[in-house]
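Next comes work_30.cif, a file with mmCIF, C-alpha atoms.
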data_entry
loop_
_atom_site.label_atom_id
_atom_site.label_comp_id
_atom_site.auth_asym_id
_atom_site.auth_seq_id
_atom_site.Cartn_x
_atom_site.Cartn_y
_atom_site.Cartn_z
CA MET A 57 84.64 71.18 77.78
CA ASN A 58 87.59 73.33 78.87
CA ASP A 59 86.71 72.65 82.52
CA THR A 60 86.90 68.92 81.81
CA LYS A 61 90.38 69.25 80.32
CA THR A 62 91.53 71.33 83.27
CA LEU A 63 90.04 68.87 85.74
CA LEU A 64 91.66 65.94 83.92
CA PHE A 65 95.03 67.72 83.98
CA TYR A 66 94.87 68.45 87.71
CA PHE A 67 93.64 64.95 88.51
CA SER A 68 96.51 63.43 86.52
CA LEU A 69 99.00 65.73 88.19
CA ALA A 70 97.64 64.91 91.65
CA ALA A 71 97.82 61.18 90.89
CA ALA A 72 101.43 61.56 89.74
CA VAL A 73 102.39 63.49 92.88
CA PHE A 74 100.67 60.89 95.06
CA LEU A 75 102.52 58.08 93.28
CA LEU A 76 105.78 59.95 93.66
CA PHE A 77 105.14 60.41 97.38
CA CYS A 78 104.35 56.71 97.80
CA MET A 79 107.52 55.72 95.98
CA TRP A 80 109.51 58.17 98.12
CA GLN A 81 108.13 56.49 101.20
CA LEU A 82 109.31 53.15 99.80
CA GLY A 83 112.81 54.57 99.21
CA ALA A 84 112.95 54.93 95.41
CA ASP A 85 115.96 56.89 94.12
CA ASP A 86 116.34 59.27 91.17
CA ARG A 87 112.79 60.56 91.35
CA TYR A 88 111.47 63.31 89.14
CA ILE A 89 108.31 64.31 87.29
CA SER A 90 108.21 65.94 83.88
CA TYR A 91 105.15 67.39 82.20
CA GLU A 92 104.93 68.09 78.48
CA THR A 93 102.19 70.65 77.91
CA GLN A 94 101.75 70.03 74.20
CA LYS A 95 101.09 66.34 74.62
CA LYS A 96 99.36 66.60 78.00
CA GLU A 97 101.50 63.71 79.14
CA ILE A 98 103.02 63.07 82.52
CA THR A 99 106.09 60.90 82.86
CA LEU A 100 107.30 59.55 86.18
CA ASN A 101 110.85 58.31 86.38
CA LEU A 102 111.37 56.37 89.59
CA GLY A 103 114.77 54.79 89.84
CA ASP A 104 115.22 52.47 86.88
CA LYS A 105 111.51 52.40 85.99
CA SER A 106 109.57 54.88 83.88
CA TYR A 107 105.78 55.22 83.81
CA GLU A 108 103.67 57.18 81.33
CA THR A 109 100.01 58.08 81.34
CA ALA A 110 97.79 55.74 79.36
CA LYS A 111 96.94 56.53 75.75
CA THR A 112 93.35 57.16 74.72
CA ASN A 113 91.86 54.18 72.89
CA ILE A 114 89.88 55.75 70.05
CA ASN A 115 87.84 52.55 69.65
CA THR A 116 86.46 52.60 73.19
CA ALA A 117 86.66 56.26 74.27
CA ASP A 118 83.44 58.09 75.05
CA THR A 119 82.81 61.67 73.91
CA GLU A 120 84.27 63.17 77.09
CA GLU A 121 87.53 61.23 76.68
CA LEU A 122 87.73 62.20 73.02
CA GLU A 123 87.14 65.88 73.83
CA ALA A 124 90.07 65.73 76.24
CA LEU A 125 92.38 65.20 73.25
CA PRO A 126 94.06 68.37 71.93
CA GLY A 127 92.08 69.95 69.09
CA ILE A 128 89.08 67.62 69.47
CA GLY A 129 85.92 69.50 70.29
CA GLU A 130 82.32 68.49 70.74
CA LYS A 131 81.57 68.27 66.98
CA THR A 132 84.69 66.26 66.14
CA ALA A 133 84.13 63.88 69.07
CA ALA A 134 80.57 63.31 67.84
CA ALA A 135 81.90 62.71 64.30
CA ILE A 136 84.35 60.11 65.65
CA MET A 137 81.55 58.34 67.53
CA GLU A 138 79.32 58.41 64.44
CA TYR A 139 82.15 57.08 62.23
CA ARG A 140 82.72 54.20 64.68
CA ASP A 141 79.02 53.38 64.73
CA LYS A 142 78.86 53.23 60.93
CA ASN A 143 82.24 51.63 60.14
CA GLY A 144 83.25 49.71 63.25
CA ASP A 145 86.54 50.01 65.10
CA PHE A 146 89.55 51.83 63.72
CA ALA A 147 92.17 49.32 62.53
CA ALA A 148 95.06 51.72 63.12
CA PRO A 149 95.38 55.15 64.77
CA GLU A 150 95.93 56.89 61.41
CA ASP A 151 92.48 55.69 60.27
CA ILE A 152 91.05 58.50 62.41
CA MET A 153 91.93 60.79 59.48
CA ASN A 154 88.94 59.23 57.67
CA VAL A 155 86.70 61.17 60.07
CA LYS A 156 85.46 64.52 58.75
CA GLY A 157 87.27 67.29 60.61
CA ILE A 158 90.47 65.36 61.27
CA GLY A 159 93.24 66.03 58.79
CA GLU A 160 96.95 65.38 58.83
CA LYS A 161 97.72 68.36 61.11
CA LYS A 162 95.22 67.38 63.78
CA TYR A 163 96.31 63.74 63.53
CA ASN A 164 99.95 64.76 64.05
CA ASP A 165 98.88 66.63 67.21
CA ILE A 166 97.28 63.52 68.72
CA LYS A 167 99.06 60.53 67.15
CA ASP A 168 101.38 60.00 70.13
CA ILE A 169 98.54 59.90 72.65
CA ILE A 170 95.99 57.69 70.87
CA THR A 171 95.83 53.96 70.28
CA THR A 172 93.50 51.36 68.79
CA GLU A 173 94.57 48.56 71.11
#

Encoded form using C-alpha coordinates:
Amino acid sequence: MNDTKTLLFYFSLAAAVFLLFCMWQLGADDRYISYETQKKEITLNLGDKSYETAKTNINTADTEELEALPGIGEKTAAAIMEYRDKNGDFAAPEDIMNVKGIGEKKYNDIKDIITTE
(Lines of atoms letter the chains of each structure in order from A and count residues from 1; the text may use other names and numbers.)
(Lines give C-alpha, C1' and ligand atoms only; values in the text may rest on other atoms or scores of the structure.)
Protein backbone atom coordinates (compact mmCIF):
# COMPACT_ATOMS: atom_id res chain seq x y z
CA MET A 1 0.00 0.00 0.00
CA ASN A 2 2.71 2.50 0.96
CA ASP A 3 4.66 1.57 -2.18
CA THR A 4 1.59 2.40 -4.27
CA LYS A 5 1.31 5.85 -2.69
CA THR A 6 5.00 6.49 -3.25
CA LEU A 7 4.80 5.31 -6.84
CA LEU A 8 1.72 7.48 -7.45
CA PHE A 9 3.52 10.50 -5.99
CA TYR A 10 6.62 10.04 -8.14
CA PHE A 11 4.56 9.36 -11.26
CA SER A 12 2.54 12.54 -10.67
CA LEU A 13 5.70 14.53 -10.05
CA ALA A 14 7.34 13.15 -13.20
CA ALA A 15 4.24 13.98 -15.24
CA ALA A 16 4.25 17.53 -13.86
CA VAL A 17 7.93 18.00 -14.68
CA PHE A 18 7.39 16.63 -18.17
CA LEU A 19 4.47 19.01 -18.73
CA LEU A 20 6.54 21.89 -17.43
CA PHE A 21 9.37 21.00 -19.80
CA CYS A 22 6.96 20.81 -22.75
CA MET A 23 5.48 24.18 -21.89
CA TRP A 24 8.99 25.64 -21.54
CA GLN A 25 9.77 24.40 -25.02
CA LEU A 26 6.64 26.19 -26.25
CA GLY A 27 7.74 29.42 -24.56
CA ALA A 28 5.36 29.70 -21.60
CA ASP A 29 6.28 32.40 -19.06
CA ASP A 30 5.93 32.53 -15.27
CA ARG A 31 6.41 28.81 -14.79
CA TYR A 32 6.58 27.16 -11.40
CA ILE A 33 5.50 23.98 -9.65
CA SER A 34 4.22 23.78 -6.09
CA TYR A 35 3.59 20.61 -4.13
CA GLU A 36 1.44 20.46 -1.02
CA THR A 37 2.40 17.37 0.96
CA GLN A 38 -0.70 17.23 3.14
CA LYS A 39 -3.08 17.16 0.20
CA LYS A 40 -0.78 15.25 -2.16
CA GLU A 41 -1.68 17.78 -4.82
CA ILE A 42 0.48 19.21 -7.55
CA THR A 43 -0.33 22.58 -9.06
CA LEU A 44 1.25 23.83 -12.26
CA ASN A 45 1.07 27.52 -12.98
CA LEU A 46 2.04 28.19 -16.57
CA GLY A 47 1.63 31.79 -17.58
CA ASP A 48 -1.98 32.77 -17.06
CA LYS A 49 -3.22 29.17 -16.77
CA SER A 50 -3.27 26.95 -13.70
CA TYR A 51 -3.67 23.17 -13.72
CA GLU A 52 -4.36 20.89 -10.76
CA THR A 53 -4.29 17.13 -10.43
CA ALA A 54 -7.65 15.43 -10.83
CA LYS A 55 -9.75 14.65 -7.78
CA THR A 56 -10.58 11.06 -6.90
CA ASN A 57 -14.17 10.17 -7.80
CA ILE A 58 -15.37 8.11 -4.84
CA ASN A 59 -18.19 6.65 -6.96
CA THR A 60 -15.89 5.11 -9.55
CA ALA A 61 -12.55 4.64 -7.75
CA ASP A 62 -11.22 1.13 -7.29
CA THR A 63 -9.62 -0.03 -4.03
CA GLU A 64 -6.12 1.00 -5.13
CA GLU A 65 -7.26 4.55 -5.93
CA LEU A 66 -9.12 4.78 -2.63
CA GLU A 67 -6.09 3.54 -0.69
CA ALA A 68 -4.04 6.34 -2.27
CA LEU A 69 -6.16 8.85 -0.33
CA PRO A 70 -4.62 10.04 2.97
CA GLY A 71 -5.81 7.97 5.92
CA ILE A 72 -7.63 5.39 3.79
CA GLY A 73 -6.22 1.92 4.26
CA GLU A 74 -7.16 -1.48 2.95
CA LYS A 75 -10.06 -1.99 5.40
CA THR A 76 -11.58 1.45 4.85
CA ALA A 77 -11.27 1.15 1.06
CA ALA A 78 -13.07 -2.20 1.25
CA ALA A 79 -15.76 -0.62 3.46
CA ILE A 80 -16.26 2.16 0.88
CA MET A 81 -16.61 -0.39 -1.92
CA GLU A 82 -19.06 -2.45 0.15
CA TYR A 83 -21.11 0.66 1.02
CA ARG A 84 -21.31 1.59 -2.69
CA ASP A 85 -22.41 -1.92 -3.60
CA LYS A 86 -25.20 -1.87 -1.01
CA ASN A 87 -26.35 1.76 -1.29
CA GLY A 88 -25.36 2.92 -4.76
CA ASP A 89 -23.35 6.02 -5.60
CA PHE A 90 -22.59 8.75 -3.10
CA ALA A 91 -24.77 11.80 -3.80
CA ALA A 92 -22.24 14.22 -2.30
CA PRO A 93 -18.65 13.89 -1.06
CA GLU A 94 -19.70 14.31 2.59
CA ASP A 95 -21.86 11.17 2.28
CA ILE A 96 -18.63 9.19 2.61
CA MET A 97 -18.95 9.82 6.36
CA ASN A 98 -21.76 7.22 6.32
CA VAL A 99 -19.07 4.58 5.78
CA LYS A 100 -17.85 2.87 8.95
CA GLY A 101 -14.34 4.10 9.72
CA ILE A 102 -14.74 7.54 8.16
CA GLY A 103 -15.58 10.28 10.61
CA GLU A 104 -15.44 14.04 10.43
CA LYS A 105 -11.65 14.19 10.96
CA LYS A 106 -10.84 11.76 8.16
CA TYR A 107 -13.39 13.44 5.90
CA ASN A 108 -11.76 16.83 6.53
CA ASP A 109 -8.41 15.32 5.50
CA ILE A 110 -9.76 14.18 2.12
CA LYS A 111 -12.66 16.51 1.30
CA ASP A 112 -10.59 18.72 -1.00
CA ILE A 113 -9.33 15.82 -3.10
CA ILE A 114 -12.51 13.76 -3.58
CA THR A 115 -15.55 14.25 -5.77
CA THR A 116 -18.76 12.47 -6.72
CA GLU A 117 -18.92 13.87 -10.23

Between CA of Ile170 in chain A and CA of Ala147 in chain A, distance in Å (one decimal):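 Going from CA of Ile170 in chain A over to CA of Ala147 in chain A covers 12.4 Å.
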
Result set of the PyMOL selection byres ((chain A and resi 138) around 12) on the coordinates above, as a list in words: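 Selected by the PyMOL selection byres ((chain A and resi 138) around 12) here: Asn115, Asp118, Thr119, Lys131, Thr132, Ala133, Ala134, Ala135, Ile136, Met137, Tyr139, Arg140, Asp141, Lys142, Asn143, Gly144, Asp145, Ile152, Asn154, Val155 and Lys156 of chain A.
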
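With all atoms listed in the file as the basis for measurement, A:Leu125 is the residue among A:Ala70, A:Ala148, A:Glu130, A:Leu125 that approaches Lys162 in chain A most closely.
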
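Considering the residues A:Gly127, A:Ala71, A:Glu150, A:Ile114 and counting only C-alpha atoms, Thr171 in chain A has its shortest atom-to-atom contact with A:Ile114.
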
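Interatomic distance, CA of Gly129 in chain A against CA of Gly159 in chain A: 14.1 Å.
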
Separation of CA of Asp59 in chain A from CA of Glu123 in chain A in Å: 11.0 Å

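Distances from A:Ile169, A:Ile158, A:Ala124, A:Ala117 to Thr62 in chain A were compared using all atoms listed in the file, and the smallest one belongs to A:Ala124.
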
Best match for closeness to Asn164 in chain A among A:Phe74, A:Pro149, A:Lys111, A:Leu64, counting all atoms listed in the file: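 The closest residue to Asn164 in chain A is A:Pro149.
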
Pick from A:Met153, A:Tyr66, A:Ile166, A:Lys161, whichever lies nearest to Leu122 in chain A using all atoms listed in the file: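 The shortest atom-to-atom distance to Leu122 in chain A comes from A:Ile166.
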
Can I get a file of range 112-151 of chain A from the given structure, N, CA and C atoms kept, as a tab-separated table (two decimals), in the first residue's frame?
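Written output follows (selection13.tsv):
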chain	number	residue	atom	x	y	z
A	112	THR	N	-10.17	12.46	-6.88
A	112	THR	CA	-10.58	11.06	-6.90
A	112	THR	C	-12.10	10.99	-6.81
A	113	ASN	N	-12.72	10.35	-7.80
A	113	ASN	CA	-14.17	10.17	-7.80
A	113	ASN	C	-14.48	8.96	-6.93
A	114	ILE	N	-15.10	9.20	-5.78
A	114	ILE	CA	-15.37	8.11	-4.84
A	114	ILE	C	-16.47	7.17	-5.32
A	115	ASN	N	-17.17	7.54	-6.39
A	115	ASN	CA	-18.19	6.65	-6.96
A	115	ASN	C	-17.62	5.67	-7.97
A	116	THR	N	-16.45	5.98	-8.52
A	116	THR	CA	-15.89	5.11	-9.55
A	116	THR	C	-14.51	4.57	-9.19
A	117	ALA	N	-13.90	5.06	-8.13
A	117	ALA	CA	-12.55	4.64	-7.75
A	117	ALA	C	-12.51	3.18	-7.34
A	118	ASP	N	-11.42	2.50	-7.75
A	118	ASP	CA	-11.22	1.13	-7.29
A	118	ASP	C	-10.48	1.17	-5.95
A	119	THR	N	-10.23	0.01	-5.36
A	119	THR	CA	-9.62	-0.03	-4.03
A	119	THR	C	-8.23	0.61	-4.03
A	120	GLU	N	-7.47	0.42	-5.07
A	120	GLU	CA	-6.12	1.00	-5.13
A	120	GLU	C	-6.18	2.53	-5.14
A	121	GLU	N	-7.11	3.09	-5.90
A	121	GLU	CA	-7.26	4.55	-5.93
A	121	GLU	C	-7.74	5.08	-4.58
A	122	LEU	N	-8.64	4.35	-3.94
A	122	LEU	CA	-9.12	4.78	-2.63
A	122	LEU	C	-8.01	4.72	-1.58
A	123	GLU	N	-7.19	3.69	-1.64
A	123	GLU	CA	-6.09	3.54	-0.69
A	123	GLU	C	-5.03	4.62	-0.88
A	124	ALA	N	-4.99	5.25	-2.03
A	124	ALA	CA	-4.04	6.34	-2.27
A	124	ALA	C	-4.45	7.62	-1.55
A	125	LEU	N	-5.69	7.68	-1.08
A	125	LEU	CA	-6.16	8.85	-0.33
A	125	LEU	C	-5.55	8.83	1.08
A	126	PRO	N	-5.21	9.99	1.63
A	126	PRO	CA	-4.62	10.04	2.97
A	126	PRO	C	-5.55	9.47	4.03
A	127	GLY	N	-5.03	8.55	4.83
A	127	GLY	CA	-5.81	7.97	5.92
A	127	GLY	C	-6.74	6.85	5.53
A	128	ILE	N	-6.77	6.49	4.25
A	128	ILE	CA	-7.63	5.39	3.79
A	128	ILE	C	-6.76	4.17	3.56
A	129	GLY	N	-6.98	3.17	4.38
A	129	GLY	CA	-6.22	1.92	4.26
A	129	GLY	C	-7.04	0.85	3.56
A	130	GLU	N	-6.53	-0.34	3.62
A	130	GLU	CA	-7.16	-1.48	2.95
A	130	GLU	C	-8.58	-1.74	3.47
A	131	LYS	N	-8.75	-1.72	4.81
A	131	LYS	CA	-10.06	-1.99	5.40
A	131	LYS	C	-11.08	-0.91	5.05
A	132	THR	N	-10.65	0.35	5.14
A	132	THR	CA	-11.58	1.45	4.85
A	132	THR	C	-11.95	1.48	3.38
A	133	ALA	N	-10.98	1.21	2.50
A	133	ALA	CA	-11.27	1.15	1.06
A	133	ALA	C	-12.29	0.05	0.78
A	134	ALA	N	-12.12	-1.10	1.43
A	134	ALA	CA	-13.07	-2.20	1.25
A	134	ALA	C	-14.45	-1.81	1.78
A	135	ALA	N	-14.48	-1.07	2.90
A	135	ALA	CA	-15.76	-0.62	3.46
A	135	ALA	C	-16.46	0.37	2.51
A	136	ILE	N	-15.68	1.22	1.85
A	136	ILE	CA	-16.26	2.16	0.88
A	136	ILE	C	-16.86	1.40	-0.29
A	137	MET	N	-16.12	0.42	-0.80
A	137	MET	CA	-16.61	-0.39	-1.92
A	137	MET	C	-17.89	-1.14	-1.53
A	138	GLU	N	-17.89	-1.72	-0.33
A	138	GLU	CA	-19.06	-2.45	0.15
A	138	GLU	C	-20.26	-1.51	0.31
A	139	TYR	N	-20.04	-0.32	0.85
A	139	TYR	CA	-21.11	0.66	1.02
A	139	TYR	C	-21.70	1.03	-0.34
A	140	ARG	N	-20.83	1.25	-1.34
A	140	ARG	CA	-21.31	1.59	-2.69
A	140	ARG	C	-22.13	0.46	-3.28
A	141	ASP	N	-21.67	-0.77	-3.07
A	141	ASP	CA	-22.41	-1.92	-3.60
A	141	ASP	C	-23.81	-2.02	-2.99
A	142	LYS	N	-23.92	-1.75	-1.71
A	142	LYS	CA	-25.20	-1.87	-1.01
A	142	LYS	C	-26.12	-0.68	-1.22
A	143	ASN	N	-25.54	0.54	-1.29
A	143	ASN	CA	-26.35	1.76	-1.29
A	143	ASN	C	-26.30	2.56	-2.59
A	144	GLY	N	-25.49	2.16	-3.52
A	144	GLY	CA	-25.36	2.92	-4.76
A	144	GLY	C	-24.35	4.05	-4.61
A	145	ASP	N	-24.32	4.92	-5.58
A	145	ASP	CA	-23.35	6.02	-5.60
A	145	ASP	C	-23.59	7.01	-4.47
A	146	PHE	N	-22.50	7.67	-4.07
A	146	PHE	CA	-22.59	8.75	-3.10
A	146	PHE	C	-23.19	9.96	-3.81
A	147	ALA	N	-24.16	10.61	-3.20
A	147	ALA	CA	-24.77	11.80	-3.80
A	147	ALA	C	-23.87	13.03	-3.66
A	148	ALA	N	-23.13	13.10	-2.57
A	148	ALA	CA	-22.24	14.22	-2.30
A	148	ALA	C	-21.00	13.69	-1.59
A	149	PRO	N	-19.88	14.38	-1.70
A	149	PRO	CA	-18.65	13.89	-1.06
A	149	PRO	C	-18.80	13.63	0.44
A	150	GLU	N	-19.57	14.49	1.14
A	150	GLU	CA	-19.70	14.31	2.59
A	150	GLU	C	-20.46	13.04	2.97
A	151	ASP	N	-21.16	12.43	2.02
A	151	ASP	CA	-21.86	11.17	2.28
A	151	ASP	C	-20.90	10.03	2.60
